[in-house]
$ cat start30.txt   # compact mmCIF, C-alpha atoms and all ligand atoms
# COMPACT_ATOMS: atom_id res chain seq x y z
CA MET A 94 -35.83 19.75 17.95
CA PRO A 95 -36.89 17.48 15.10
CA ASN A 96 -37.81 13.90 15.67
CA THR A 97 -34.90 11.54 15.32
CA LEU A 98 -35.31 7.83 15.75
CA HIS A 99 -38.07 5.34 15.18
CA VAL A 100 -38.91 2.78 17.79
CA ASP A 101 -41.19 0.36 16.01
CA TYR A 102 -43.67 2.65 14.31
CA GLU A 103 -43.38 5.37 16.86
CA LEU A 104 -41.05 8.30 16.18
CA LYS A 105 -39.03 9.33 19.23
CA THR A 106 -38.14 12.97 19.80
CA TYR A 107 -34.53 14.04 20.18
CA ASP A 108 -34.96 14.36 23.95
CA GLU A 109 -36.55 10.93 24.27
CA SER A 110 -33.79 9.35 22.16
CA MET A 111 -31.10 11.14 24.17
CA LYS A 112 -32.57 9.88 27.42
CA ILE A 113 -32.45 6.28 26.15
CA VAL A 114 -28.80 6.72 25.10
CA GLU A 115 -27.86 8.33 28.43
CA GLU A 116 -29.35 5.41 30.35
CA ALA A 117 -27.60 2.93 28.06
CA MET A 118 -24.27 4.72 28.73
CA GLU A 119 -24.72 4.26 32.47
CA VAL A 120 -25.34 0.53 32.07
CA ALA A 121 -22.41 0.17 29.64
CA ARG A 122 -19.95 2.04 31.89
CA GLN A 123 -20.23 -0.75 34.43
CA GLU A 124 -18.53 -3.11 31.97
CA ILE A 125 -15.36 -1.00 31.70
CA PRO A 126 -13.49 -2.60 34.66
CA LYS A 127 -14.12 -6.08 33.24
CA GLY A 128 -11.96 -5.33 30.16
CA VAL A 129 -8.39 -4.22 29.45
CA VAL A 130 -6.83 -1.86 26.91
CA ALA A 131 -4.79 -3.51 24.14
CA ASP A 132 -1.09 -3.43 24.99
CA TYR A 133 0.40 -5.74 22.37
CA ILE A 134 0.85 -2.48 20.45
CA PRO A 135 2.69 -0.65 23.28
CA GLU A 136 1.39 2.82 22.34
CA LEU A 137 -2.24 1.64 22.65
CA GLY A 138 -1.53 0.52 26.22
CA LYS A 139 -1.38 4.20 27.23
CA ALA A 140 -5.11 4.79 26.59
CA ASP A 141 -7.37 5.71 29.51
CA PRO A 142 -9.74 2.71 29.78
CA ASN A 143 -12.51 4.82 31.32
CA GLN A 144 -13.27 6.74 28.15
CA LEU A 145 -16.61 6.05 26.49
CA GLY A 146 -18.33 8.00 23.75
CA ILE A 147 -20.99 7.55 21.10
CA CYS A 148 -22.31 9.39 18.08
CA ILE A 149 -25.58 8.25 16.48
CA TYR A 150 -26.23 9.88 13.11
CA PRO A 151 -29.78 9.10 11.93
CA LEU A 152 -30.60 9.32 8.22
CA GLN A 153 -33.20 11.87 9.22
CA GLY A 154 -32.70 14.16 12.17
CA GLU A 155 -30.08 15.41 14.56
CA LYS A 156 -26.92 13.63 15.64
CA ILE A 157 -27.10 12.25 19.17
CA GLU A 158 -23.65 12.63 20.75
CA LEU A 159 -22.52 11.75 24.22
CA GLY A 160 -19.30 11.28 26.22
CA ASP A 161 -15.92 11.05 24.46
CA TYR A 162 -17.28 11.26 20.93
CA LYS A 163 -14.73 13.85 19.83
CA THR A 164 -11.65 12.08 21.22
CA ARG A 165 -9.12 10.90 18.61
CA PHE A 166 -8.07 7.25 18.66
CA THR A 167 -6.62 4.92 16.05
CA ILE A 168 -9.09 3.23 13.76
CA GLN A 169 -7.21 -0.12 13.78
CA SER A 170 -9.27 -2.92 12.22
CA ILE A 171 -12.15 -0.65 11.24
CA SER A 172 -9.81 0.51 8.46
CA LYS A 173 -10.42 -2.95 6.94
CA ILE A 174 -13.86 -1.62 5.95
CA ILE A 175 -12.34 1.37 4.14
CA SER A 176 -9.83 -0.86 2.34
CA LEU A 177 -12.56 -3.34 1.46
CA CYS A 178 -14.75 -0.56 0.02
CA VAL A 179 -11.88 0.79 -2.08
CA ALA A 180 -10.89 -2.69 -3.28
CA LEU A 181 -14.48 -3.49 -4.30
CA GLU A 182 -14.82 -0.17 -6.10
CA LEU A 183 -11.50 -0.52 -7.92
CA PHE A 184 -11.31 -4.22 -8.67
CA GLY A 185 -14.89 -5.53 -8.28
CA ALA A 186 -16.14 -8.48 -6.25
CA ASN A 187 -14.92 -11.22 -8.62
CA LYS A 188 -11.31 -10.18 -8.39
CA LEU A 189 -11.51 -9.58 -4.63
CA PHE A 190 -12.94 -13.02 -3.94
CA GLU A 191 -10.13 -14.60 -5.96
CA ILE A 192 -7.81 -13.72 -3.07
CA VAL A 193 -10.09 -13.88 0.02
CA GLU A 194 -13.15 -15.92 1.01
CA ALA A 195 -16.31 -14.54 2.62
CA GLU A 196 -16.55 -16.99 5.54
CA PRO A 197 -16.47 -16.32 9.31
CA SER A 198 -13.23 -17.73 10.70
CA GLY A 199 -13.97 -18.74 14.31
CA GLU A 200 -10.34 -17.94 15.13
CA ALA A 201 -8.70 -14.86 16.67
CA PHE A 202 -8.27 -11.84 14.40
CA ASN A 203 -4.51 -12.37 14.06
CA SER A 204 -4.57 -16.15 13.61
CA LEU A 205 -2.58 -17.77 10.83
CA VAL A 206 -3.40 -21.37 11.73
CA GLU A 207 -6.36 -21.84 9.42
CA LEU A 208 -4.64 -20.06 6.58
CA ASP A 209 -1.60 -22.28 6.91
CA LEU A 210 -3.32 -25.61 7.40
CA ASN A 211 -6.76 -25.50 5.82
CA SER A 212 -6.93 -22.98 3.09
CA ASN A 213 -5.20 -21.23 0.29
CA LYS A 214 -7.16 -18.08 0.89
CA PRO A 215 -7.78 -16.02 4.04
CA TYR A 216 -11.26 -16.68 5.40
CA ASN A 217 -12.49 -13.11 4.96
CA PRO A 218 -11.21 -9.56 4.38
CA LEU A 219 -12.01 -8.45 7.95
CA ILE A 220 -9.39 -10.55 9.73
CA ASN A 221 -5.71 -9.60 9.57
CA SER A 222 -4.70 -12.19 6.95
CA GLY A 223 -7.56 -11.11 4.66
CA ALA A 224 -6.87 -7.40 5.10
CA ILE A 225 -3.13 -7.83 4.50
CA ALA A 226 -4.00 -9.73 1.29
CA VAL A 227 -6.29 -6.85 0.28
CA ALA A 228 -3.45 -4.41 1.05
CA GLY A 229 -1.20 -6.42 -1.32
CA LEU A 230 -3.81 -5.90 -4.03
CA LEU A 231 -4.46 -2.23 -3.30
CA ILE A 232 -0.81 -1.14 -3.43
CA GLU A 233 -0.77 -2.06 -7.10
CA GLU A 234 -3.23 0.79 -7.79
CA VAL A 235 -3.30 3.31 -4.94
CA SER A 236 -0.87 5.06 -2.60
CA PHE A 237 -1.35 5.50 1.14
CA HIS A 238 -1.90 9.18 0.40
CA ASP A 239 -4.85 8.27 -1.89
CA MET A 240 -6.27 6.11 0.90
CA LEU A 241 -5.94 8.97 3.38
CA ARG A 242 -7.91 11.16 1.01
CA PHE A 243 -10.63 8.49 0.57
CA SER A 244 -10.79 7.98 4.35
CA ARG A 245 -11.27 11.70 4.98
CA GLU A 246 -13.97 11.84 2.35
CA LEU A 247 -15.85 8.70 3.42
CA CYS A 248 -15.77 9.78 7.08
CA ASP A 249 -16.42 13.47 6.30
CA ASP A 250 -13.49 14.35 8.53
CA LYS A 251 -10.62 16.44 7.17
CA GLU A 252 -8.63 16.00 10.36
CA ILE A 253 -7.99 12.29 9.88
CA ALA A 254 -4.22 11.80 9.86
CA LEU A 255 -1.61 9.12 10.40
CA ASN A 256 -0.78 8.65 14.07
CA ARG A 257 2.99 8.19 13.70
CA LYS A 258 3.57 7.08 17.28
CA VAL A 259 1.04 4.25 16.99
CA TYR A 260 2.27 3.33 13.52
CA GLU A 261 5.90 3.08 14.61
CA SER A 262 4.92 1.27 17.80
CA GLU A 263 3.02 -1.35 15.79
CA MET A 264 5.72 -1.68 13.11
CA SER A 265 8.29 -2.46 15.78
CA THR A 266 6.15 -5.21 17.32
CA CYS A 267 4.29 -6.71 14.35
CA SER A 268 6.12 -10.04 13.96
CA ARG A 269 2.83 -11.87 13.78
CA ASN A 270 1.40 -9.72 10.97
CA ARG A 271 4.77 -9.97 9.20
CA ALA A 272 4.56 -13.77 9.47
CA ILE A 273 1.03 -13.62 8.00
CA ALA A 274 2.24 -11.39 5.15
CA TYR A 275 5.08 -13.79 4.23
CA LEU A 276 2.75 -16.79 4.50
CA LEU A 277 0.45 -15.01 2.02
CA GLU A 278 3.41 -14.41 -0.27
CA SER A 279 4.41 -18.10 -0.05
CA LYS A 280 0.90 -19.02 -1.19
CA ASN A 281 1.02 -16.51 -4.07
CA ILE A 282 -1.82 -14.49 -2.58
CA ILE A 283 0.45 -11.47 -2.30
CA ASN A 284 2.35 -10.88 -5.50
CA SER A 285 3.36 -7.28 -4.82
CA ASP A 286 6.12 -6.19 -2.40
CA VAL A 287 5.27 -7.92 0.85
CA GLU A 288 6.92 -5.34 3.15
CA ASP A 289 5.10 -2.55 1.30
CA ALA A 290 1.80 -4.39 1.80
CA LEU A 291 2.52 -4.75 5.53
CA ARG A 292 3.42 -1.05 5.89
CA PHE A 293 0.30 -0.01 3.96
CA TYR A 294 -1.93 -2.22 6.14
CA THR A 295 -0.34 -0.91 9.36
CA LYS A 296 -0.61 2.72 8.25
CA MET A 297 -4.31 2.25 7.52
CA CYS A 298 -4.74 0.84 11.07
CA SER A 299 -2.96 3.92 12.48
CA LEU A 300 -5.37 6.58 11.17
CA ASP A 301 -6.70 8.82 13.93
CA VAL A 302 -10.51 9.06 13.92
CA THR A 303 -13.34 9.94 16.33
CA ALA A 304 -16.65 8.24 17.13
CA GLU A 305 -18.24 11.04 15.11
CA SER A 306 -16.17 10.33 11.98
CA LEU A 307 -17.11 6.64 12.23
CA ALA A 308 -20.80 7.60 12.56
CA ASN A 309 -20.52 9.77 9.44
CA PHE A 310 -19.09 6.85 7.46
CA ALA A 311 -21.64 4.40 8.90
CA ASN A 312 -24.48 6.81 8.02
CA ARG A 313 -23.44 6.69 4.35
CA ILE A 314 -23.28 2.90 4.39
CA ALA A 315 -26.73 2.83 6.04
CA ASN A 316 -28.00 5.07 3.22
CA ASP A 317 -26.86 2.74 0.40
CA GLY A 318 -23.58 4.61 -0.11
CA VAL A 319 -25.20 8.03 -0.56
CA GLY A 320 -24.76 11.18 1.60
CA ASN A 321 -28.11 11.80 3.32
CA ILE A 322 -27.84 15.59 3.00
CA THR A 323 -25.82 16.11 -0.19
CA GLY A 324 -27.33 13.21 -2.15
CA LYS A 325 -23.80 12.47 -3.41
CA ARG A 326 -22.96 8.81 -4.05
CA TYR A 327 -19.73 7.66 -2.38
CA LEU A 328 -20.01 3.89 -2.84
CA SER A 329 -21.97 1.66 -5.21
CA SER A 330 -24.98 -0.31 -3.92
CA GLU A 331 -23.11 -3.52 -4.68
CA THR A 332 -20.12 -2.50 -2.54
CA VAL A 333 -22.42 -1.47 0.30
CA ARG A 334 -24.36 -4.75 0.14
CA ILE A 335 -21.19 -6.86 0.38
CA VAL A 336 -19.67 -4.70 3.14
CA LYS A 337 -22.82 -4.87 5.31
CA THR A 338 -23.05 -8.63 4.88
CA LEU A 339 -19.42 -9.19 5.87
CA MET A 340 -19.75 -6.84 8.84
CA LEU A 341 -22.66 -8.88 10.15
CA THR A 342 -21.03 -12.28 9.63
CA CYS A 343 -17.35 -11.49 10.30
CA GLY A 344 -17.04 -7.95 11.75
CA MET A 345 -16.55 -8.98 15.38
CA TYR A 346 -14.10 -11.82 14.64
CA ASP A 347 -14.83 -15.00 16.59
CA GLY A 348 -17.44 -13.05 18.59
CA SER A 349 -19.54 -12.34 15.50
CA GLY A 350 -22.24 -14.95 16.13
CA THR A 351 -22.99 -13.99 19.73
CA TYR A 352 -22.89 -10.32 18.82
CA ALA A 353 -25.38 -10.89 15.98
CA VAL A 354 -27.74 -12.59 18.43
CA GLU A 355 -27.37 -9.92 21.12
CA VAL A 356 -27.16 -6.77 18.99
CA GLY A 357 -28.09 -7.70 15.41
CA ILE A 358 -26.50 -4.62 13.79
CA PRO A 359 -23.68 -5.04 11.22
CA THR A 360 -20.63 -3.75 13.12
CA LYS A 361 -16.85 -3.63 12.78
CA SER A 362 -14.52 -3.33 15.77
CA GLY A 363 -10.92 -2.22 16.20
CA VAL A 364 -8.45 -2.77 19.07
CA GLY A 365 -8.17 1.01 19.51
CA GLY A 366 -11.66 0.69 21.06
CA GLY A 367 -13.70 1.85 18.07
CA LEU A 368 -16.95 0.37 16.76
CA LEU A 369 -18.61 1.29 13.48
CA ALA A 370 -22.22 0.10 13.37
CA VAL A 371 -24.64 0.33 10.46
CA SER A 372 -28.32 0.32 11.32
CA ASP A 373 -29.56 -0.02 7.76
CA LYS A 374 -31.86 2.76 6.51
CA ARG A 375 -31.96 4.22 10.02
CA ALA A 376 -28.64 5.42 11.42
CA GLY A 377 -24.86 5.25 11.38
CA ILE A 378 -23.29 4.76 14.80
CA GLY A 379 -19.71 5.32 15.97
CA VAL A 380 -18.52 4.28 19.43
CA PHE A 381 -15.24 4.69 21.30
CA GLY A 382 -14.36 2.72 24.44
CA PRO A 383 -10.79 1.37 24.66
CA SER A 384 -11.35 -1.25 27.38
CA LEU A 385 -11.57 -4.51 25.38
CA ASP A 386 -13.08 -7.94 25.92
CA PRO A 387 -10.91 -11.07 25.38
CA LYS A 388 -11.76 -11.11 21.66
CA GLY A 389 -10.46 -7.56 21.16
CA ASN A 390 -13.86 -5.83 20.94
CA SER A 391 -14.76 -2.74 23.05
CA ILE A 392 -16.40 -4.24 26.14
CA ALA A 393 -18.48 -1.22 27.14
CA GLY A 394 -19.06 -0.28 23.50
CA CYS A 395 -20.65 -3.65 22.74
CA ARG A 396 -22.83 -3.39 25.83
CA LEU A 397 -23.84 0.13 24.84
CA LEU A 398 -24.87 -1.04 21.37
CA LYS A 399 -26.75 -3.98 22.86
CA GLU A 400 -28.77 -1.67 25.14
CA ILE A 401 -29.47 0.79 22.34
CA SER A 402 -30.36 -1.94 19.87
CA ASN A 403 -32.88 -3.38 22.30
CA LYS A 404 -34.32 -0.04 23.42
CA LEU A 405 -34.54 1.47 19.94
CA ARG A 406 -35.30 -1.88 18.30
CA LEU A 407 -32.43 -1.59 15.83
CA SER A 408 -31.63 -5.30 15.34
CA LEU A 409 -32.04 -6.38 11.74
CA PHE A 410 -33.97 -9.36 13.01
CA PHE A 411 -36.61 -7.75 15.16
CA ASP A 412 -40.00 -8.84 13.99
CA THR A 413 -42.01 -5.76 13.21
CA ASP A 414 -45.03 -7.59 14.63
CA TYR A 415 -43.08 -8.23 17.82
CA LEU A 416 -45.38 -6.29 20.12
CA LYS A 417 -48.41 -8.00 18.72
CA ALA A 418 -46.72 -11.38 18.98
CA THR A 419 -45.88 -10.91 22.64
CA ARG A 420 -49.40 -9.94 23.63
CA LYS A 421 -50.85 -12.54 25.95
CA ASP A 422 -53.19 -14.03 23.35
CA TYR A 423 -50.21 -14.68 21.08
CA SER A 424 -47.91 -16.12 23.73
CA LEU A 425 -46.46 -19.44 22.66
CA ASN A 426 -45.31 -19.98 26.20
CA GLN A 427 -48.89 -19.70 27.44
CA LYS A 428 -50.16 -22.01 24.72
CA LEU A 429 -47.60 -24.64 25.67
CA HIS A 430 -48.84 -24.51 29.26
CA GLU A 431 -52.54 -24.53 28.54
N1 LIG A 501 -3.42 -3.15 13.78
C1 LIG A 501 -4.03 -4.22 14.52
C2 LIG A 501 -3.35 -5.54 14.16
O1 LIG A 501 -3.09 -5.75 13.03
C3 LIG A 501 -5.50 -4.28 14.20
C4 LIG A 501 -6.20 -5.42 14.91
C5 LIG A 501 -7.58 -5.08 15.37
O2 LIG A 501 -8.01 -3.95 15.45
N2 LIG A 501 -8.30 -6.12 15.74
O3 LIG A 501 -3.08 -6.35 15.00
$ encode --input "start30.txt" --output "structure tokens" --more "lines below"
Ligand code: GLN
Amino acid sequence: MPNTLHVDYELKTYDESMKIVEEAMEVARQEIPKGVVADYIPELGKADPNQLGICIYPLQGEKIELGDYKTRFTIQSISKIISLCVALELFGANKLFEIVEAEPSGEAFNSLVELDLNSNKPYNPLINSGAIAVAGLLIEEVSFHDMLRFSRELCDDKEIALNRKVYESEMSTCSRNRAIAYLLESKNIINSDVEDALRFYTKMCSLDVTAESLANFANRIANDGVGNITGKRYLSSETVRIVKTLMLTCGMYDGSGTYAVEVGIPTKSGVGGGLLAVSDKRAGIGVFGPSLDPKGNSIAGCRLLKEISNKLRLSLFFDTDYLKATRKDYSLNQKLHE
């Protein structure tokens, strides 16, 4: 087997990497009972909370796949990344940031308080208000069918399809998103048909994916928008730069700061239990674990990524001189106590 992942300057073999991931899975599994599956969309409430799967797709080397990595689940908010990519490619950053900001919100993903009271623009495109605004823009140029095609291509997964049961279940219980959509219309942020924008947004959330399809997409983002085997460019560098930045600052909603400290990998979550994580220049990672923490992020999935980030040293903010710096003669702690 070829070597797969770097840990500092040392290249780990496939077997060594797999062992690290297996151990991380065991630690992460213990978190499952502390979370709950989302049930505000009734169809999602049927998921088995004990599922957990991961696919790590390094830029060089074999995929590392474990657990329920082939199970289909709805992409939910991770679709906000696909919509954001398409909006940036079609309209460019200037036009996009006329309708949404690029600031973390500190509020729940489906909040409309800040939008109503403090701002004339949603805080960012990765919360519901921002993504519904982006949907209002996208429907002027693309159909849902176009988006399905882009999603299959970006995720290298021809099987991605609309999960009708989840879509209808959400449409029949989406008063809050409908309220957000009409608030956006009242502020002239949505100028297209508001019900069409809401349907488009909800359909995008209802695409069935796997941890593997998310890893494929994340791998391309990690490789500056280019397929690592084909060399084909899917997204511009500029789109990729903006998407990675927003994932790091806003991708985990009001849990984004803590997650950045603990994991340090740009990641986007969805209430279906998915996580799409981009370890820049190293690997794309997809995770599935439907038991969620109170902020709506996969509880075992986040723990899994934390373990892997620490063991494989994937955080963006690891000092490459870390080992040297923690040697005794460099210990600040020791110096302070001399
Ligand atoms: N479809 C869900 C909603 O709009 C997506 C939310 C999420 O994944 N955080 O409520």
$ residues_near_ligand --input "start30.txt" --ligand "ligand LIG 501 (chain A)" --cutoff "8 Å" --atoms "all atoms listed in the file" --output "PDB file with C-alpha atoms, in the coordinates of the input"
ATOM      1  CA  ILE A 134       0.850  -2.480  20.450  1.00  0.00           C
ATOM      2  CA  ILE A 168      -9.090   3.230  13.760  1.00  0.00           C
ATOM      3  CA  GLN A 169      -7.210  -0.120  13.780  1.00  0.00           C
ATOM      4  CA  SER A 170      -9.270  -2.920  12.220  1.00  0.00           C
ATOM      5  CA  ILE A 171     -12.150  -0.650  11.240  1.00  0.00           C
ATOM      6  CA  PHE A 202      -8.270 -11.840  14.400  1.00  0.00           C
ATOM      7  CA  ASN A 203      -4.510 -12.370  14.060  1.00  0.00           C
ATOM      8  CA  ILE A 220      -9.390 -10.550   9.730  1.00  0.00           C
ATOM      9  CA  ASN A 221      -5.710  -9.600   9.570  1.00  0.00           C
ATOM     10  CA  GLU A 263       3.020  -1.350  15.790  1.00  0.00           C
ATOM     11  CA  CYS A 267       4.290  -6.710  14.350  1.00  0.00           C
ATOM     12  CA  ASN A 270       1.400  -9.720  10.970  1.00  0.00           C
ATOM     13  CA  TYR A 294      -1.930  -2.220   6.140  1.00  0.00           C
ATOM     14  CA  THR A 295      -0.340  -0.910   9.360  1.00  0.00           C
ATOM     15  CA  CYS A 298      -4.740   0.840  11.070  1.00  0.00           C
ATOM     16  CA  SER A 299      -2.960   3.920  12.480  1.00  0.00           C
ATOM     17  CA  SER A 362     -14.520  -3.330  15.770  1.00  0.00           C
ATOM     18  CA  GLY A 363     -10.920  -2.220  16.200  1.00  0.00           C
ATOM     19  CA  VAL A 364      -8.450  -2.770  19.070  1.00  0.00           C
ATOM     20  CA  GLY A 365      -8.170   1.010  19.510  1.00  0.00           C
ATOM     21  CA  GLY A 389     -10.460  -7.560  21.160  1.00  0.00           C
ATOM     22  CA  ASN A 390     -13.860  -5.830  20.940  1.00  0.00           C
TER      23      ASN A 390
END
$ residues_around --input "start30.txt" --residues "A:Tyr162" --least-positions-apart "3" --cutoff "9 Å" --atoms "only C-alpha atoms" --output "number ranges by chain"
A: 145-148, 158-159, 165, 303-305, 379-381
$ atom_distance --input "start30.txt" --atom1 "atom CA of A:Asp301" --atom2 "atom CA of A:Gly160"
17.8 Å
$ atom_distance --input "start30.txt" --atom1 "atom CA of A:Gly382" --atom2 "atom CA of A:Val130"
9.2 Å
$ residues_near_point --input "start30.txt" --point "(-26.6, 3.0, 20.6)" --cutoff "9 Å" --atoms "all atoms listed in the file" --output "list in words"
Ile113, Val114, Ala117, Met118, Ile147, Cys148, Ile149, Ala370, Ile378, Gly379, Val380, Gly394, Leu397, Leu398, Lys399, Glu400, Ile401, Ser402, Lys404, Leu405 and Leu407 of chain A
$ closest_atom_pairs --input "start30.txt" --of "stretch 185-204 of chain A" --to "stretch 276-292 of chain A" --cutoff "12 Å" --atoms "only C-alpha atoms" --output "JSON lines"
{"residue": "A:Lys188", "atom": "CA", "partner": "A:Ile282", "partner_atom": "CA", "distance": 11.9}
{"residue": "A:Leu189", "atom": "CA", "partner": "A:Ile282", "partner_atom": "CA", "distance": 11.1}
{"residue": "A:Phe190", "atom": "CA", "partner": "A:Ile282", "partner_atom": "CA", "distance": 11.3}
{"residue": "A:Glu191", "atom": "CA", "partner": "A:Ile282", "partner_atom": "CA", "distance": 9.0}
{"residue": "A:Ile192", "atom": "CA", "partner": "A:Ile282", "partner_atom": "CA", "distance": 6.1}
{"residue": "A:Val193", "atom": "CA", "partner": "A:Ile282", "partner_atom": "CA", "distance": 8.7}
{"residue": "A:Glu194", "atom": "CA", "partner": "A:Ile282", "partner_atom": "CA", "distance": 12.0}
{"residue": "A:Ser204", "atom": "CA", "partner": "A:Leu276", "partner_atom": "CA", "distance": 11.7}
$ closest_residue --input "start30.txt" --among "A:Lys325, A:Lys296, A:Arg396, A:Lys127" --to "A:Ser262" --atoms "all atoms listed in the file"
A:Lys296
$ closest_residue --input "start30.txt" --among "A:Gly229, A:Gly357, A:Gly128, A:Gly154" --to "A:Lys105" --atoms "all atoms listed in the file"
A:Gly154
$ closest_residue --input "start30.txt" --among "A:Tyr260, A:Tyr216, A:Phe293, A:Phe184" --to "A:Glu136" --atoms "all atoms listed in the file"
A:Tyr260
$ atom_distance --input "start30.txt" --atom1 "atom CA of A:Ser349" --atom2 "atom CA of A:Gln153"
28.5 Å
$ closest_residue --input "start30.txt" --among "A:Val356, A:Leu300, A:Met264, A:Ala311" --to "A:Phe411" --atoms "all atoms listed in the file"
A:Val356
$ closest_residue --input "start30.txt" --among "A:Ile273, A:Val120, A:Ile358, A:Met345" --to "A:Glu207" --atoms "all atoms listed in the file"
A:Ile273
$ closest_residue --input "start30.txt" --among "A:Cys395, A:Pro383, A:Lys251, A:Thr323" --to "A:Pro359" --atoms "only C-alpha atoms"
A:Cys395
$ residues_near_point --input "start30.txt" --point "(-13.8, -1.0, -6.0)" --cutoff "12 Å" --atoms "all atoms listed in the file" --output "PyMOL selection string"
chain A and resi 174-189+227+230-231+234-235+243+327-333+335-336
$ residues_around --input "start30.txt" --residues "A:Ala315" --least-positions-apart "2" --cutoff "9 Å" --atoms "only C-alpha atoms" --output "short mmCIF file (atom, residue, chain, number, x, y, z; two decimals) with C-alpha atoms, in the frame of the given file"
data_model
loop_
_atom_site.label_atom_id
_atom_site.label_comp_id
_atom_site.auth_asym_id
_atom_site.auth_seq_id
_atom_site.Cartn_x
_atom_site.Cartn_y
_atom_site.Cartn_z
CA LEU A 152 -30.60 9.32 8.22
CA PHE A 310 -19.09 6.85 7.46
CA ALA A 311 -21.64 4.40 8.90
CA ASN A 312 -24.48 6.81 8.02
CA ARG A 313 -23.44 6.69 4.35
CA ASP A 317 -26.86 2.74 0.40
CA GLY A 318 -23.58 4.61 -0.11
CA VAL A 319 -25.20 8.03 -0.56
CA VAL A 333 -22.42 -1.47 0.30
CA LYS A 337 -22.82 -4.87 5.31
CA VAL A 371 -24.64 0.33 10.46
CA SER A 372 -28.32 0.32 11.32
CA ASP A 373 -29.56 -0.02 7.76
CA LYS A 374 -31.86 2.76 6.51
CA ARG A 375 -31.96 4.22 10.02
CA ALA A 376 -28.64 5.42 11.42
CA GLY A 377 -24.86 5.25 11.38
#
$ decode --input "start30.txt" --residues "stretch 162-178 of chain A" --atoms "N, CA and C atoms" --output "PDB file, in the first residue's frame"
ATOM      1  N   TYR A 162     -19.591   4.688   5.910  1.00  0.00           N
ATOM      2  CA  TYR A 162     -19.181   5.717   4.944  1.00  0.00           C
ATOM      3  C   TYR A 162     -19.938   5.633   3.625  1.00  0.00           C
ATOM      4  N   LYS A 163     -20.662   4.531   3.432  1.00  0.00           N
ATOM      5  CA  LYS A 163     -21.429   4.399   2.185  1.00  0.00           C
ATOM      6  C   LYS A 163     -22.927   4.632   2.395  1.00  0.00           C
ATOM      7  N   THR A 164     -23.321   4.893   3.621  1.00  0.00           N
ATOM      8  CA  THR A 164     -24.747   5.098   3.929  1.00  0.00           C
ATOM      9  C   THR A 164     -25.221   6.431   3.366  1.00  0.00           C
ATOM     10  N   ARG A 165     -26.402   6.433   2.761  1.00  0.00           N
ATOM     11  CA  ARG A 165     -26.974   7.693   2.229  1.00  0.00           C
ATOM     12  C   ARG A 165     -27.688   8.455   3.347  1.00  0.00           C
ATOM     13  N   PHE A 166     -27.516   9.749   3.347  1.00  0.00           N
ATOM     14  CA  PHE A 166     -28.208  10.625   4.305  1.00  0.00           C
ATOM     15  C   PHE A 166     -28.369  11.972   3.625  1.00  0.00           C
ATOM     16  N   THR A 167     -29.247  12.829   4.142  1.00  0.00           N
ATOM     17  CA  THR A 167     -29.423  14.113   3.441  1.00  0.00           C
ATOM     18  C   THR A 167     -28.344  15.117   3.838  1.00  0.00           C
ATOM     19  N   ILE A 168     -27.900  15.820   2.836  1.00  0.00           N
ATOM     20  CA  ILE A 168     -26.765  16.743   2.965  1.00  0.00           C
ATOM     21  C   ILE A 168     -27.071  17.929   3.887  1.00  0.00           C
ATOM     22  N   GLN A 169     -28.344  18.328   3.931  1.00  0.00           N
ATOM     23  CA  GLN A 169     -28.802  19.484   4.729  1.00  0.00           C
ATOM     24  C   GLN A 169     -27.883  20.696   4.515  1.00  0.00           C
ATOM     25  N   SER A 170     -27.383  21.283   5.599  1.00  0.00           N
ATOM     26  CA  SER A 170     -26.698  22.579   5.434  1.00  0.00           C
ATOM     27  C   SER A 170     -25.371  22.511   4.679  1.00  0.00           C
ATOM     28  N   ILE A 171     -24.858  21.311   4.455  1.00  0.00           N
ATOM     29  CA  ILE A 171     -23.606  21.237   3.690  1.00  0.00           C
ATOM     30  C   ILE A 171     -23.880  21.661   2.239  1.00  0.00           C
ATOM     31  N   SER A 172     -25.152  21.589   1.840  1.00  0.00           N
ATOM     32  CA  SER A 172     -25.508  22.064   0.488  1.00  0.00           C
ATOM     33  C   SER A 172     -25.244  23.566   0.348  1.00  0.00           C
ATOM     34  N   LYS A 173     -25.159  24.263   1.496  1.00  0.00           N
ATOM     35  CA  LYS A 173     -24.876  25.713   1.433  1.00  0.00           C
ATOM     36  C   LYS A 173     -23.498  25.954   0.796  1.00  0.00           C
ATOM     37  N   ILE A 174     -22.605  24.977   0.937  1.00  0.00           N
ATOM     38  CA  ILE A 174     -21.276  25.112   0.315  1.00  0.00           C
ATOM     39  C   ILE A 174     -21.400  24.981  -1.204  1.00  0.00           C
ATOM     40  N   ILE A 175     -22.223  24.020  -1.654  1.00  0.00           N
ATOM     41  CA  ILE A 175     -22.400  23.858  -3.104  1.00  0.00           C
ATOM     42  C   ILE A 175     -23.029  25.124  -3.682  1.00  0.00           C
ATOM     43  N   SER A 176     -24.082  25.612  -3.025  1.00  0.00           N
ATOM     44  CA  SER A 176     -24.756  26.816  -3.531  1.00  0.00           C
ATOM     45  C   SER A 176     -23.816  28.020  -3.517  1.00  0.00           C
ATOM     46  N   LEU A 177     -23.023  28.109  -2.464  1.00  0.00           N
ATOM     47  CA  LEU A 177     -22.070  29.224  -2.387  1.00  0.00           C
ATOM     48  C   LEU A 177     -21.052  29.143  -3.527  1.00  0.00           C
ATOM     49  N   CYS A 178     -20.542  27.949  -3.782  1.00  0.00           N
ATOM     50  CA  CYS A 178     -19.577  27.775  -4.888  1.00  0.00           C
ATOM     51  C   CYS A 178     -20.215  28.205  -6.210  1.00  0.00           C
TER      52      CYS A 178
END
